[in-house]
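K.L.:
Provided below: work.cif, containing mmCIF, C-alpha atoms.
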data_work
loop_
_atom_site.group_PDB
_atom_site.id
_atom_site.type_symbol
_atom_site.label_atom_id
_atom_site.label_comp_id
_atom_site.auth_asym_id
_atom_site.auth_seq_id
_atom_site.Cartn_x
_atom_site.Cartn_y
_atom_site.Cartn_z
ATOM 1 C CA ASP A 35 68.097 -72.878 -40.959
ATOM 2 C CA GLU A 36 71.505 -71.203 -40.765
ATOM 3 C CA LEU A 37 71.479 -70.468 -44.529
ATOM 4 C CA THR A 38 67.962 -69.010 -44.265
ATOM 5 C CA ALA A 39 68.938 -66.844 -41.303
ATOM 6 C CA GLU A 40 72.035 -65.631 -43.186
ATOM 7 C CA ALA A 41 70.007 -64.858 -46.313
ATOM 8 C CA THR A 42 67.444 -62.953 -44.242
ATOM 9 C CA ARG A 43 70.224 -60.960 -42.535
ATOM 10 C CA LYS A 44 71.737 -60.087 -45.936
ATOM 11 C CA LEU A 45 68.346 -58.967 -47.245
ATOM 12 C CA HIS A 46 67.831 -56.739 -44.179
ATOM 13 C CA GLU A 47 71.293 -55.208 -44.771
ATOM 14 C CA LEU A 48 70.745 -54.616 -48.486
ATOM 15 C CA SER A 49 67.246 -53.143 -48.021
ATOM 16 C CA GLY A 50 68.186 -51.140 -44.969
ATOM 17 C CA LEU A 51 64.958 -52.319 -43.267
ATOM 18 C CA SER A 52 64.465 -54.044 -39.946
ATOM 19 C CA ARG A 53 62.101 -57.035 -39.696
ATOM 20 C CA GLU A 54 59.377 -54.868 -38.158
ATOM 21 C CA GLU A 55 59.685 -52.200 -40.880
ATOM 22 C CA ALA A 56 59.593 -54.802 -43.648
ATOM 23 C CA GLU A 57 56.478 -56.400 -42.140
ATOM 24 C CA LYS A 58 54.827 -53.009 -41.804
ATOM 25 C CA ARG A 59 55.537 -52.127 -45.469
ATOM 26 C CA LEU A 60 54.200 -55.449 -46.647
ATOM 27 C CA MET A 61 51.033 -55.104 -44.548
ATOM 28 C CA ASP A 62 50.468 -51.527 -45.763
ATOM 29 C CA ARG A 63 50.793 -52.648 -49.380
ATOM 30 C CA LEU A 64 48.407 -55.560 -48.800
ATOM 31 C CA GLU A 65 45.910 -53.306 -47.039
ATOM 32 C CA ARG A 66 45.939 -50.837 -49.973
ATOM 33 C CA GLU A 67 45.400 -53.596 -52.491
ATOM 34 C CA LEU A 68 42.677 -55.310 -50.464
ATOM 35 C CA SER A 69 40.805 -52.204 -49.278
ATOM 36 C CA ASP A 70 39.037 -51.716 -52.634
ATOM 37 C CA GLU A 71 38.024 -55.368 -52.704
ATOM 38 C CA VAL A 72 36.835 -55.225 -49.075
ATOM 39 C CA ALA A 73 34.829 -52.046 -49.772
ATOM 40 C CA ILE A 74 33.070 -53.717 -52.714
ATOM 41 C CA LYS A 75 32.221 -56.758 -50.565
ATOM 42 C CA ILE A 76 30.941 -54.590 -47.694
ATOM 43 C CA GLN A 77 28.786 -52.583 -50.111
ATOM 44 C CA ARG A 78 27.316 -55.776 -51.565
ATOM 45 C CA HIS A 79 26.544 -57.112 -48.074
ATOM 46 C CA THR A 80 25.045 -53.757 -47.001
ATOM 47 C CA GLU A 81 22.775 -53.642 -50.053
ATOM 48 C CA ARG A 82 21.678 -57.235 -49.484
ATOM 49 C CA ILE A 83 20.979 -56.620 -45.780
ATOM 50 C CA LYS A 84 19.064 -53.421 -46.611
ATOM 51 C CA ALA A 85 16.915 -55.222 -49.198
ATOM 52 C CA GLU A 86 16.199 -58.056 -46.760
ATOM 53 C CA SER A 87 15.469 -55.570 -43.939
ATOM 54 C CA ASP A 88 13.021 -53.612 -46.116
ATOM 55 C CA GLN A 89 11.245 -56.824 -47.039
ATOM 56 C CA LYS A 90 11.120 -57.980 -43.405
ATOM 57 C CA ALA A 91 9.893 -54.548 -42.232
ATOM 58 C CA ARG A 92 7.082 -54.622 -44.817
ATOM 59 C CA GLU A 93 6.057 -58.106 -43.701
ATOM 60 C CA ILE A 94 5.996 -57.044 -40.018
ATOM 61 C CA LEU A 95 3.943 -53.919 -40.802
ATOM 62 C CA ALA A 96 1.541 -55.859 -43.015
ATOM 63 C CA ILE A 97 0.988 -58.530 -40.349
ATOM 64 C CA ALA A 98 0.401 -55.851 -37.677
ATOM 65 C CA ILE A 99 -2.048 -53.938 -39.905
ATOM 66 C CA GLN A 100 -4.004 -57.073 -40.814
ATOM 67 C CA ARG A 101 -4.329 -58.139 -37.181
ATOM 68 C CA CYS A 102 -5.349 -54.779 -35.704
ATOM 69 C CA ALA A 103 -8.631 -52.890 -36.055
ATOM 70 C CA ALA A 104 -9.838 -50.030 -33.835
ATOM 71 C CA ASP A 105 -12.631 -47.497 -33.593
ATOM 72 C CA HIS A 106 -11.623 -44.067 -34.790
ATOM 73 C CA THR A 107 -14.759 -41.941 -35.080
ATOM 74 C CA ALA A 108 -14.494 -38.347 -33.971
ATOM 75 C CA ASP A 109 -17.248 -36.219 -32.507
ATOM 76 C CA ALA A 110 -18.252 -32.966 -34.145
ATOM 77 C CA THR A 111 -18.242 -29.712 -32.177
ATOM 78 C CA VAL A 112 -21.953 -29.833 -31.332
ATOM 79 C CA SER A 113 -24.146 -32.157 -29.259
ATOM 80 C CA THR A 114 -27.928 -32.324 -29.282
ATOM 81 C CA VAL A 115 -30.127 -32.760 -26.219
ATOM 82 C CA ASP A 116 -33.643 -34.124 -26.732
ATOM 83 C CA ILE A 117 -36.491 -32.274 -25.033
ATOM 84 C CA PRO A 118 -39.961 -33.701 -24.304
ATOM 85 C CA SER A 119 -41.803 -30.725 -25.794
ATOM 86 C CA ASP A 120 -41.096 -27.317 -27.288
ATOM 87 C CA ASP A 121 -42.510 -25.686 -24.111
ATOM 88 C CA MET A 122 -39.291 -26.770 -22.405
ATOM 89 C CA LYS A 123 -37.318 -24.355 -24.606
ATOM 90 C CA GLY A 124 -38.905 -21.396 -22.824
ATOM 91 C CA ARG A 125 -38.014 -22.857 -19.421
ATOM 92 C CA ILE A 126 -34.410 -23.455 -20.525
ATOM 93 C CA ILE A 127 -34.142 -19.816 -21.633
ATOM 94 C CA GLY A 128 -35.844 -18.549 -18.446
ATOM 95 C CA ARG A 129 -37.271 -15.133 -17.653
ATOM 96 C CA GLU A 130 -35.332 -12.542 -19.688
ATOM 97 C CA GLY A 131 -32.787 -15.291 -20.544
ATOM 98 C CA ARG A 132 -31.436 -15.684 -16.997
ATOM 99 C CA ASN A 133 -31.437 -19.526 -17.020
ATOM 100 C CA ILE A 134 -29.577 -19.892 -20.312
ATOM 101 C CA ARG A 135 -27.075 -17.177 -19.299
ATOM 102 C CA THR A 136 -26.365 -18.925 -15.969
ATOM 103 C CA PHE A 137 -25.953 -22.283 -17.716
ATOM 104 C CA GLU A 138 -23.569 -20.891 -20.344
ATOM 105 C CA LYS A 139 -21.529 -19.102 -17.683
ATOM 106 C CA CYS A 140 -21.228 -22.242 -15.488
ATOM 107 C CA THR A 141 -20.350 -24.625 -18.333
ATOM 108 C CA GLY A 142 -18.436 -22.406 -20.767
ATOM 109 C CA VAL A 143 -20.499 -23.589 -23.779
ATOM 110 C CA ASP A 144 -23.002 -22.015 -26.152
ATOM 111 C CA VAL A 145 -26.591 -23.249 -25.970
ATOM 112 C CA ILE A 146 -28.516 -22.818 -29.212
ATOM 113 C CA VAL A 147 -32.297 -22.821 -28.868
ATOM 114 C CA ASP A 148 -33.829 -22.426 -32.328
ATOM 115 C CA ASP A 149 -36.853 -23.613 -34.325
ATOM 116 C CA THR A 150 -35.562 -27.199 -34.636
ATOM 117 C CA PRO A 151 -38.319 -29.292 -33.043
ATOM 118 C CA GLY A 152 -37.557 -31.570 -30.095
ATOM 119 C CA VAL A 153 -33.878 -30.658 -29.590
ATOM 120 C CA VAL A 154 -31.587 -28.076 -28.039
ATOM 121 C CA ILE A 155 -28.008 -27.776 -29.343
ATOM 122 C CA VAL A 156 -24.917 -27.505 -27.127
ATOM 123 C CA SER A 157 -21.864 -26.113 -28.927
ATOM 124 C CA ALA A 158 -18.191 -25.923 -27.796
ATOM 125 C CA PHE A 159 -14.762 -26.779 -29.148
ATOM 126 C CA ASP A 160 -13.692 -28.218 -25.776
ATOM 127 C CA ASN A 161 -15.254 -31.671 -25.882
ATOM 128 C CA VAL A 162 -14.998 -32.237 -22.107
ATOM 129 C CA ARG A 163 -16.964 -29.061 -21.419
ATOM 130 C CA ARG A 164 -19.479 -29.910 -24.117
ATOM 131 C CA GLU A 165 -20.099 -33.404 -22.757
ATOM 132 C CA THR A 166 -20.408 -32.035 -19.192
ATOM 133 C CA ALA A 167 -22.935 -29.451 -20.408
ATOM 134 C CA ARG A 168 -24.897 -32.056 -22.395
ATOM 135 C CA ILE A 169 -25.234 -34.358 -19.367
ATOM 136 C CA ALA A 170 -26.098 -31.456 -17.020
ATOM 137 C CA LEU A 171 -28.773 -30.130 -19.393
ATOM 138 C CA ALA A 172 -30.297 -33.600 -19.810
ATOM 139 C CA LYS A 173 -30.457 -33.894 -16.001
ATOM 140 C CA LEU A 174 -32.120 -30.485 -15.639
ATOM 141 C CA ILE A 175 -34.713 -31.334 -18.315
ATOM 142 C CA ALA A 176 -35.475 -34.679 -16.641
ATOM 143 C CA ASP A 177 -35.718 -33.006 -13.218
ATOM 144 C CA GLY A 178 -37.941 -30.159 -14.482
ATOM 145 C CA ARG A 179 -36.659 -27.653 -11.899
ATOM 146 C CA ILE A 180 -34.728 -25.119 -13.962
ATOM 147 C CA HIS A 181 -33.560 -21.969 -12.180
ATOM 148 C CA PRO A 182 -30.105 -20.389 -11.660
ATOM 149 C CA THR A 183 -29.366 -21.972 -8.236
ATOM 150 C CA ARG A 184 -30.412 -25.434 -9.403
ATOM 151 C CA ILE A 185 -28.368 -25.014 -12.610
ATOM 152 C CA GLU A 186 -25.223 -24.230 -10.578
ATOM 153 C CA GLU A 187 -25.812 -27.285 -8.350
ATOM 154 C CA VAL A 188 -26.373 -29.687 -11.248
ATOM 155 C CA VAL A 189 -23.361 -28.410 -13.244
ATOM 156 C CA ALA A 190 -21.043 -28.734 -10.193
ATOM 157 C CA GLU A 191 -22.340 -32.267 -9.541
ATOM 158 C CA THR A 192 -21.917 -33.235 -13.221
ATOM 159 C CA GLU A 193 -18.343 -31.891 -13.288
ATOM 160 C CA LYS A 194 -17.450 -34.240 -10.405
ATOM 161 C CA GLU A 195 -19.098 -37.163 -12.211
ATOM 162 C CA MET A 196 -17.204 -36.233 -15.376
ATOM 163 C CA GLU A 197 -13.850 -36.365 -13.543
ATOM 164 C CA ALA A 198 -14.693 -39.884 -12.322
ATOM 165 C CA HIS A 199 -15.821 -40.851 -15.845
ATOM 166 C CA ILE A 200 -12.549 -39.585 -17.349
ATOM 167 C CA LEU A 201 -10.572 -41.722 -14.867
ATOM 168 C CA GLU A 202 -12.708 -44.745 -15.814
ATOM 169 C CA LEU A 203 -12.023 -44.153 -19.521
ATOM 170 C CA GLY A 204 -8.265 -44.012 -18.883
ATOM 171 C CA THR A 205 -8.376 -47.183 -16.784
ATOM 172 C CA ALA A 206 -10.438 -48.994 -19.449
ATOM 173 C CA ALA A 207 -7.877 -48.044 -22.137
ATOM 174 C CA VAL A 208 -4.990 -49.392 -20.024
ATOM 175 C CA ARG A 209 -6.914 -52.632 -19.375
ATOM 176 C CA ASP A 210 -7.751 -52.944 -23.089
ATOM 177 C CA VAL A 211 -4.042 -52.739 -23.954
ATOM 178 C CA ASP A 212 -3.211 -55.039 -20.988
ATOM 179 C CA VAL A 213 -0.313 -53.168 -19.393
ATOM 180 C CA PRO A 214 0.270 -52.366 -15.678
ATOM 181 C CA LEU A 215 -1.784 -49.421 -14.390
ATOM 182 C CA PRO A 216 0.187 -46.154 -14.305
ATOM 183 C CA HIS A 217 -0.266 -43.252 -11.850
ATOM 184 C CA ASP A 218 -3.851 -41.912 -11.473
ATOM 185 C CA LYS A 219 -2.802 -38.594 -13.023
ATOM 186 C CA ILE A 220 -1.610 -40.393 -16.179
ATOM 187 C CA LEU A 221 -4.898 -42.352 -16.232
ATOM 188 C CA HIS A 222 -6.736 -39.023 -16.022
ATOM 189 C CA LEU A 223 -4.713 -37.597 -18.936
ATOM 190 C CA LEU A 224 -5.445 -40.726 -20.990
ATOM 191 C CA GLY A 225 -9.158 -40.407 -20.190
ATOM 192 C CA ARG A 226 -9.139 -36.783 -21.386
ATOM 193 C CA LEU A 227 -7.829 -37.972 -24.764
ATOM 194 C CA ARG A 228 -11.289 -39.514 -25.317
ATOM 195 C CA PHE A 229 -12.523 -35.949 -25.770
ATOM 196 C CA ARG A 230 -9.703 -34.798 -28.075
ATOM 197 C CA THR A 231 -9.563 -35.232 -31.826
ATOM 198 C CA SER A 232 -6.652 -35.127 -34.237
ATOM 199 C CA TYR A 233 -7.199 -35.206 -38.018
ATOM 200 C CA SER A 234 -10.797 -36.391 -37.468
ATOM 201 C CA GLN A 235 -9.561 -39.222 -35.244
ATOM 202 C CA ASN A 236 -10.419 -39.765 -31.587
ATOM 203 C CA VAL A 237 -7.034 -39.491 -29.828
ATOM 204 C CA LEU A 238 -7.728 -42.165 -27.174
ATOM 205 C CA ALA A 239 -8.905 -44.665 -29.812
ATOM 206 C CA HIS A 240 -5.807 -43.738 -31.853
ATOM 207 C CA SER A 241 -3.525 -44.296 -28.804
ATOM 208 C CA VAL A 242 -5.054 -47.725 -28.138
ATOM 209 C CA GLU A 243 -4.647 -48.651 -31.814
ATOM 210 C CA VAL A 244 -0.994 -47.514 -31.794
ATOM 211 C CA ALA A 245 -0.386 -49.568 -28.625
ATOM 212 C CA HIS A 246 -1.799 -52.726 -30.232
ATOM 213 C CA LEU A 247 0.195 -52.154 -33.446
ATOM 214 C CA CYS A 248 3.401 -51.646 -31.414
ATOM 215 C CA GLY A 249 2.725 -54.839 -29.462
ATOM 216 C CA LEU A 250 2.157 -56.874 -32.636
ATOM 217 C CA MET A 251 5.349 -55.554 -34.271
ATOM 218 C CA ALA A 252 7.376 -56.100 -31.088
ATOM 219 C CA ALA A 253 6.176 -59.725 -30.966
ATOM 220 C CA GLU A 254 7.317 -60.269 -34.572
ATOM 221 C CA LEU A 255 10.738 -58.804 -33.717
ATOM 222 C CA GLY A 256 11.142 -60.735 -30.467
ATOM 223 C CA LEU A 257 11.040 -57.573 -28.306
ATOM 224 C CA ASN A 258 9.253 -56.834 -25.018
ATOM 225 C CA VAL A 259 5.558 -56.698 -26.040
ATOM 226 C CA GLN A 260 4.281 -55.046 -22.841
ATOM 227 C CA LEU A 261 6.924 -52.334 -23.010
ATOM 228 C CA ALA A 262 6.097 -51.664 -26.674
ATOM 229 C CA LYS A 263 2.374 -51.391 -25.874
ATOM 230 C CA ARG A 264 3.059 -48.996 -22.995
ATOM 231 C CA CYS A 265 5.163 -46.800 -25.299
ATOM 232 C CA GLY A 266 2.344 -46.760 -27.873
ATOM 233 C CA LEU A 267 -0.452 -46.066 -25.388
ATOM 234 C CA LEU A 268 1.292 -43.098 -23.752
ATOM 235 C CA HIS A 269 2.858 -41.561 -26.895
ATOM 236 C CA ASP A 270 0.193 -38.816 -27.301
ATOM 237 C CA VAL A 271 -0.497 -38.177 -23.603
ATOM 238 C CA GLY A 272 0.867 -34.630 -24.032
ATOM 239 C CA LYS A 273 -2.205 -33.762 -26.134
ATOM 240 C CA ALA A 274 -4.315 -33.914 -22.960
ATOM 241 C CA ALA A 275 -2.279 -31.179 -21.254
ATOM 242 C CA ASP A 276 -3.778 -27.717 -21.084
ATOM 243 C CA HIS A 277 -2.427 -24.591 -22.749
ATOM 244 C CA GLU A 278 -0.469 -23.566 -19.637
ATOM 245 C CA MET A 279 2.324 -26.040 -20.445
ATOM 246 C CA GLU A 280 4.723 -24.845 -23.122
ATOM 247 C CA GLY A 281 6.209 -27.028 -25.839
ATOM 248 C CA GLY A 282 4.978 -29.548 -28.401
ATOM 249 C CA HIS A 283 2.938 -32.531 -27.273
ATOM 250 C CA PRO A 284 5.891 -35.011 -27.415
ATOM 251 C CA LYS A 285 7.983 -32.864 -25.035
ATOM 252 C CA VAL A 286 5.026 -32.082 -22.732
ATOM 253 C CA GLY A 287 3.950 -35.744 -22.678
ATOM 254 C CA ALA A 288 7.435 -36.934 -21.696
ATOM 255 C CA GLU A 289 7.682 -34.293 -18.941
ATOM 256 C CA LEU A 290 4.254 -35.181 -17.488
ATOM 257 C CA SER A 291 4.911 -38.936 -17.633
ATOM 258 C CA LYS A 292 8.253 -38.500 -15.865
ATOM 259 C CA ARG A 293 6.633 -36.245 -13.232
ATOM 260 C CA TYR A 294 3.974 -38.871 -12.500
ATOM 261 C CA GLY A 295 6.242 -41.844 -11.978
ATOM 262 C CA GLU A 296 7.062 -43.215 -15.449
ATOM 263 C CA THR A 297 10.651 -44.425 -15.044
ATOM 264 C CA SER A 298 11.259 -46.513 -18.173
ATOM 265 C CA PRO A 299 13.776 -44.704 -20.452
ATOM 266 C CA GLU A 300 12.272 -46.488 -23.489
ATOM 267 C CA VAL A 301 8.758 -45.173 -22.749
ATOM 268 C CA LEU A 302 9.919 -41.601 -22.063
ATOM 269 C CA HIS A 303 12.078 -41.636 -25.205
ATOM 270 C CA ALA A 304 9.203 -42.980 -27.334
ATOM 271 C CA ILE A 305 6.883 -40.199 -26.087
ATOM 272 C CA ALA A 306 9.476 -37.481 -26.684
ATOM 273 C CA GLY A 307 10.830 -38.829 -29.978
ATOM 274 C CA HIS A 308 7.909 -40.286 -31.951
ATOM 275 C CA HIS A 309 7.907 -37.271 -34.309
ATOM 276 C CA ASP A 310 11.704 -37.366 -34.853
ATOM 277 C CA ASP A 311 12.193 -34.297 -32.625
ATOM 278 C CA ILE A 312 15.213 -35.947 -30.986
ATOM 279 C CA THR A 313 17.850 -38.510 -31.994
ATOM 280 C CA VAL A 314 16.351 -42.003 -31.897
ATOM 281 C CA ASP A 315 18.200 -44.133 -29.314
ATOM 282 C CA HIS A 316 15.651 -46.927 -28.765
ATOM 283 C CA ILE A 317 13.975 -49.320 -31.198
ATOM 284 C CA TYR A 318 10.621 -48.842 -29.400
ATOM 285 C CA THR A 319 10.587 -45.198 -30.564
ATOM 286 C CA VAL A 320 10.825 -46.423 -34.178
ATOM 287 C CA LEU A 321 7.920 -48.835 -33.572
ATOM 288 C CA VAL A 322 5.771 -46.028 -32.095
ATOM 289 C CA ALA A 323 6.582 -43.697 -35.019
ATOM 290 C CA ALA A 324 5.642 -46.438 -37.519
ATOM 291 C CA ALA A 325 2.430 -47.373 -35.679
ATOM 292 C CA ASP A 326 1.503 -43.677 -35.314
ATOM 293 C CA ALA A 327 1.895 -43.151 -39.070
ATOM 294 C CA ILE A 328 -0.153 -46.271 -39.878
ATOM 295 C CA SER A 329 -2.989 -45.303 -37.529
ATOM 296 C CA ALA A 330 -3.092 -41.696 -38.745
ATOM 297 C CA SER A 331 -3.048 -42.603 -42.441
ATOM 298 C CA ARG A 332 -5.651 -45.375 -42.208
ATOM 299 C CA PRO A 333 -7.723 -44.759 -39.055
ATOM 300 C CA GLY A 334 -9.246 -47.939 -37.657
#
Rewrite the structure from the file as structure tokens, please.
P.N.:
Amino acid sequence: DELTAEATRKLHELSGLSREEAEKRLMDRLERELSDEVAIKIQRHTERIKAESDQKAREILAIAIQRCAADHTADATVSTVDIPSDDMKGRIIGREGRNIRTFEKCTGVDVIVDDTPGVVIVSAFDNVRRETARIALAKLIADGRIHPTRIEEVVAETEKEMEAHILELGTAAVRDVDVPLPHDKILHLLGRLRFRTSYSQNVLAHSVEVAHLCGLMAAELGLNVQLAKRCGLLHDVGKAADHEMEGGHPKVGAELSKRYGETSPEVLHAIAGHHDDITVDHIYTVLVAAADAISASRPG
């Protein structure tokens, strides 16, 4: 031990290095020599993990696609209303066109009365208005009393019924996906999506499909299935907002959801970030983006 200590002391003297400096030099040299080898190993591992991840992702997507099917049909911009006889067309138009003018003014749609037998056409790009007008006109035809005052009454009554119907549609969608009921205002926005279309796809049907796809993928990954479904269901809620709100539908949807009591950061992030508008911080946002792309590229 004494000889070793003496030899070590001599070496320190000759090299002019302390023990700490010598250790540091040795470690630096080792690190330089090993860094290339470590980099090669890391690269190999990264490539292997990436290949395995791609394969696993494909399997998860394929399983989700195979297990999920949804309706996707979109309505056109016109609805037809059956009439019992062509005499009714004259009553719908009214003296000097006053009935049809009142109806169009109250509902905000165009009513086309032409030579087509047995039908009257209701035309509008706003599907909620068009459906309201279609129901109101059917009621007026069934009732037989068609005059301006009665038209105003029936349209006002139908608008109230339509609001209740929209709420029912939103509630049914939430129950279909099997997540806790959100605020009534969010249910109303979801219901309005039934009357919106995007790339020939009904937006509510699309939202329900995205929710189911998210839930299936979350289950495969061992994530929270209910949370994933909620993210998917609400991702397009901004499309139901009117033109008075500025911003794209992801931003608007996140703002509205937050305003009406949605507190989950994952849900709000998924709504705001499903089109890569912001940095992705949550895995649920990736699931929503994937499910959204699947549903849009292969509706139903």
K.L.:
Emit as AutoDock Vina command-line options the padded axis-aligned box for all listed atoms of segment 302-309 of chain A, 5 Å per side, with centre and edge lengths in Å to one decimal.
P.N.:
--center_x 9.5 --center_y -40.1 --center_z -28.2 --size_x 15.2 --size_y 15.7 --size_z 22.2
K.L.:
Which residue is closest to His240 of chain A? Choose from A:Gln260, A:Ser331, A:Thr313, A:Thr166 and count only C-alpha atoms.
P.N.:
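For His240 of chain A, the nearest of the given residues is A:Ser331.
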K.L.:
Could you please determine the separation between atom CA of Leu95 of chain A and atom CA of Tyr233 of chain A in Å, to one decimal place?
P.N.:
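Separation between atom CA of Leu95 of chain A and atom CA of Tyr233 of chain A: 22.0 Å.
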K.L.:
Which polymer residues have any atom within 9 Å of an atom of Ile175 of chain A, counting all atoms listed in the file, with same-chain residues fewer than 4 positions away left out, as an MDAnalysis selection string?
P.N.:
chainID A and resid 116:118 122 126 170:171 179:180
K.L.:
Kindly save the residues from that selection, with C-alpha atoms included, as a PDB file, keeping the file's coordinate frame.
P.N.:
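Final output, result25.pdb:
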ATOM      1  CA  ASP A 116     -33.643 -34.124 -26.732  1.00  0.00           C
ATOM      2  CA  ILE A 117     -36.491 -32.274 -25.033  1.00  0.00           C
ATOM      3  CA  PRO A 118     -39.961 -33.701 -24.304  1.00  0.00           C
ATOM      4  CA  MET A 122     -39.291 -26.770 -22.405  1.00  0.00           C
ATOM      5  CA  ILE A 126     -34.410 -23.455 -20.525  1.00  0.00           C
ATOM      6  CA  ALA A 170     -26.098 -31.456 -17.020  1.00  0.00           C
ATOM      7  CA  LEU A 171     -28.773 -30.130 -19.393  1.00  0.00           C
ATOM      8  CA  ARG A 179     -36.659 -27.653 -11.899  1.00  0.00           C
ATOM      9  CA  ILE A 180     -34.728 -25.119 -13.962  1.00  0.00           C
TER      10      ILE A 180
END
K.L.:
To verify the selection step, state as a PyMOL selection string which residues the PyMOL selection byres ((chain A and resi 145) around 6) yields on this input.
P.N.:
chain A and resi 144+146+155-156
K.L.:
Please produce an output containing C-alpha atoms for each residue in the selection, written as a tab-separated table (two decimals), in the coordinates of the input.
P.N.:
chain	number	residue	atom	x	y	z
A	144	ASP	CA	-23.00	-22.02	-26.15
A	146	ILE	CA	-28.52	-22.82	-29.21
A	155	ILE	CA	-28.01	-27.78	-29.34
A	156	VAL	CA	-24.92	-27.50	-27.13
K.L.:
Find, counting all atoms listed in the file, the residue in A:Ile220, A:Ala304, A:Ala327, A:Leu321 that gets nearest to Leu290 of chain A.
P.N.:
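Distance minimum relative to Leu290 of chain A lands on A:Ile220.
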K.L.:
When distances are computed from all atoms listed in the file, which of A:Glu36, A:Asp160, A:Glu165, A:Glu187 shows the smallest separation from Ala274 of chain A?
P.N.:
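Checking each candidate against Ala274 of chain A, we get A:Asp160 as the closest.
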K.L.:
Take atom CA of Ser291 of chain A and atom CA of Ala190 of chain A and report the distance between them in Å, one decimal.
P.N.:
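Here the two named atoms are 28.9 Å from each other.
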K.L.:
As an MDAnalysis selection string, please: the residues near segment 192-209 of chain A (cut-off 10 Å, all atoms listed in the file, same-chain neighbours under 5 positions excluded).
P.N.:
chainID A and resid 141 162:163 165:171 173 186:187 214:216 218:229 238:239 241:242 245 263:264 267:268
K.L.:
Which is closer to Ala158 of chain A than all the others in A:Val143, A:Cys102, A:Val320, A:Ala252, using all atoms listed in the file?
P.N.:
A:Val143
K.L.:
Could you tell me how far atom CA of Gly249 of chain A sits from atom CA of His283 of chain A, in Å to one decimal place?
P.N.:
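Interatomic distance here is 22.4 Å.
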K.L.:
So that I can check the surroundings of Val154 of chain A, please list as a PyMOL selection string every protein, DNA and RNA residue that reaches within 6 Å of it, counting all atoms listed in the file and ignoring chain neighbours fewer than 3 positions away.
P.N.:
chain A and resi 114-115+147
K.L.:
Now that the selection is made, can you save its residues with C-alpha atoms as a compact mmCIF listing (two decimals), in the coordinates of the input?
P.N.:
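For reference, out.txt as written:
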# COMPACT_ATOMS: atom_id res chain seq x y z
CA THR A 114 -27.93 -32.32 -29.28
CA VAL A 115 -30.13 -32.76 -26.22
CA VAL A 147 -32.30 -22.82 -28.87
K.L.:
Give the answer as one residue: which of A:Asn236, A:Thr42, A:Ser49, A:Ser157 has the shortest atom-to-atom distance to Ala104 of chain A, using all atoms listed in the file?
P.N.:
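Closest to Ala104 of chain A, using all atoms listed in the file: A:Asn236.
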K.L.:
Find the residues near Gly281 of chain A: any atom within 12 Å, counting all atoms listed in the file, skip ones fewer than 6 places away on the same chain, and give them as a list in words.
P.N.:
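The filter keeps Gly272, Lys273, Ala275, Gly287, Ala288, Glu289, Leu290, Ala306 and Asp311 of chain A.
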K.L.:
Please list, as a VMD selection string, the residues that have an atom at most 12 Å away from (15.8, -49.8, -33.6) in the coordinates of this file, counting only C-alpha atoms.
P.N.:
chain A and resid 87 91 251 to 252 255 257 300 304 313 to 324
K.L.:
Given the choices A:Leu261, A:Val72, A:Val237, A:Ala176, which gets closest to Val301 of chain A if the distance is worked out from only C-alpha atoms?
P.N.:
A:Leu261
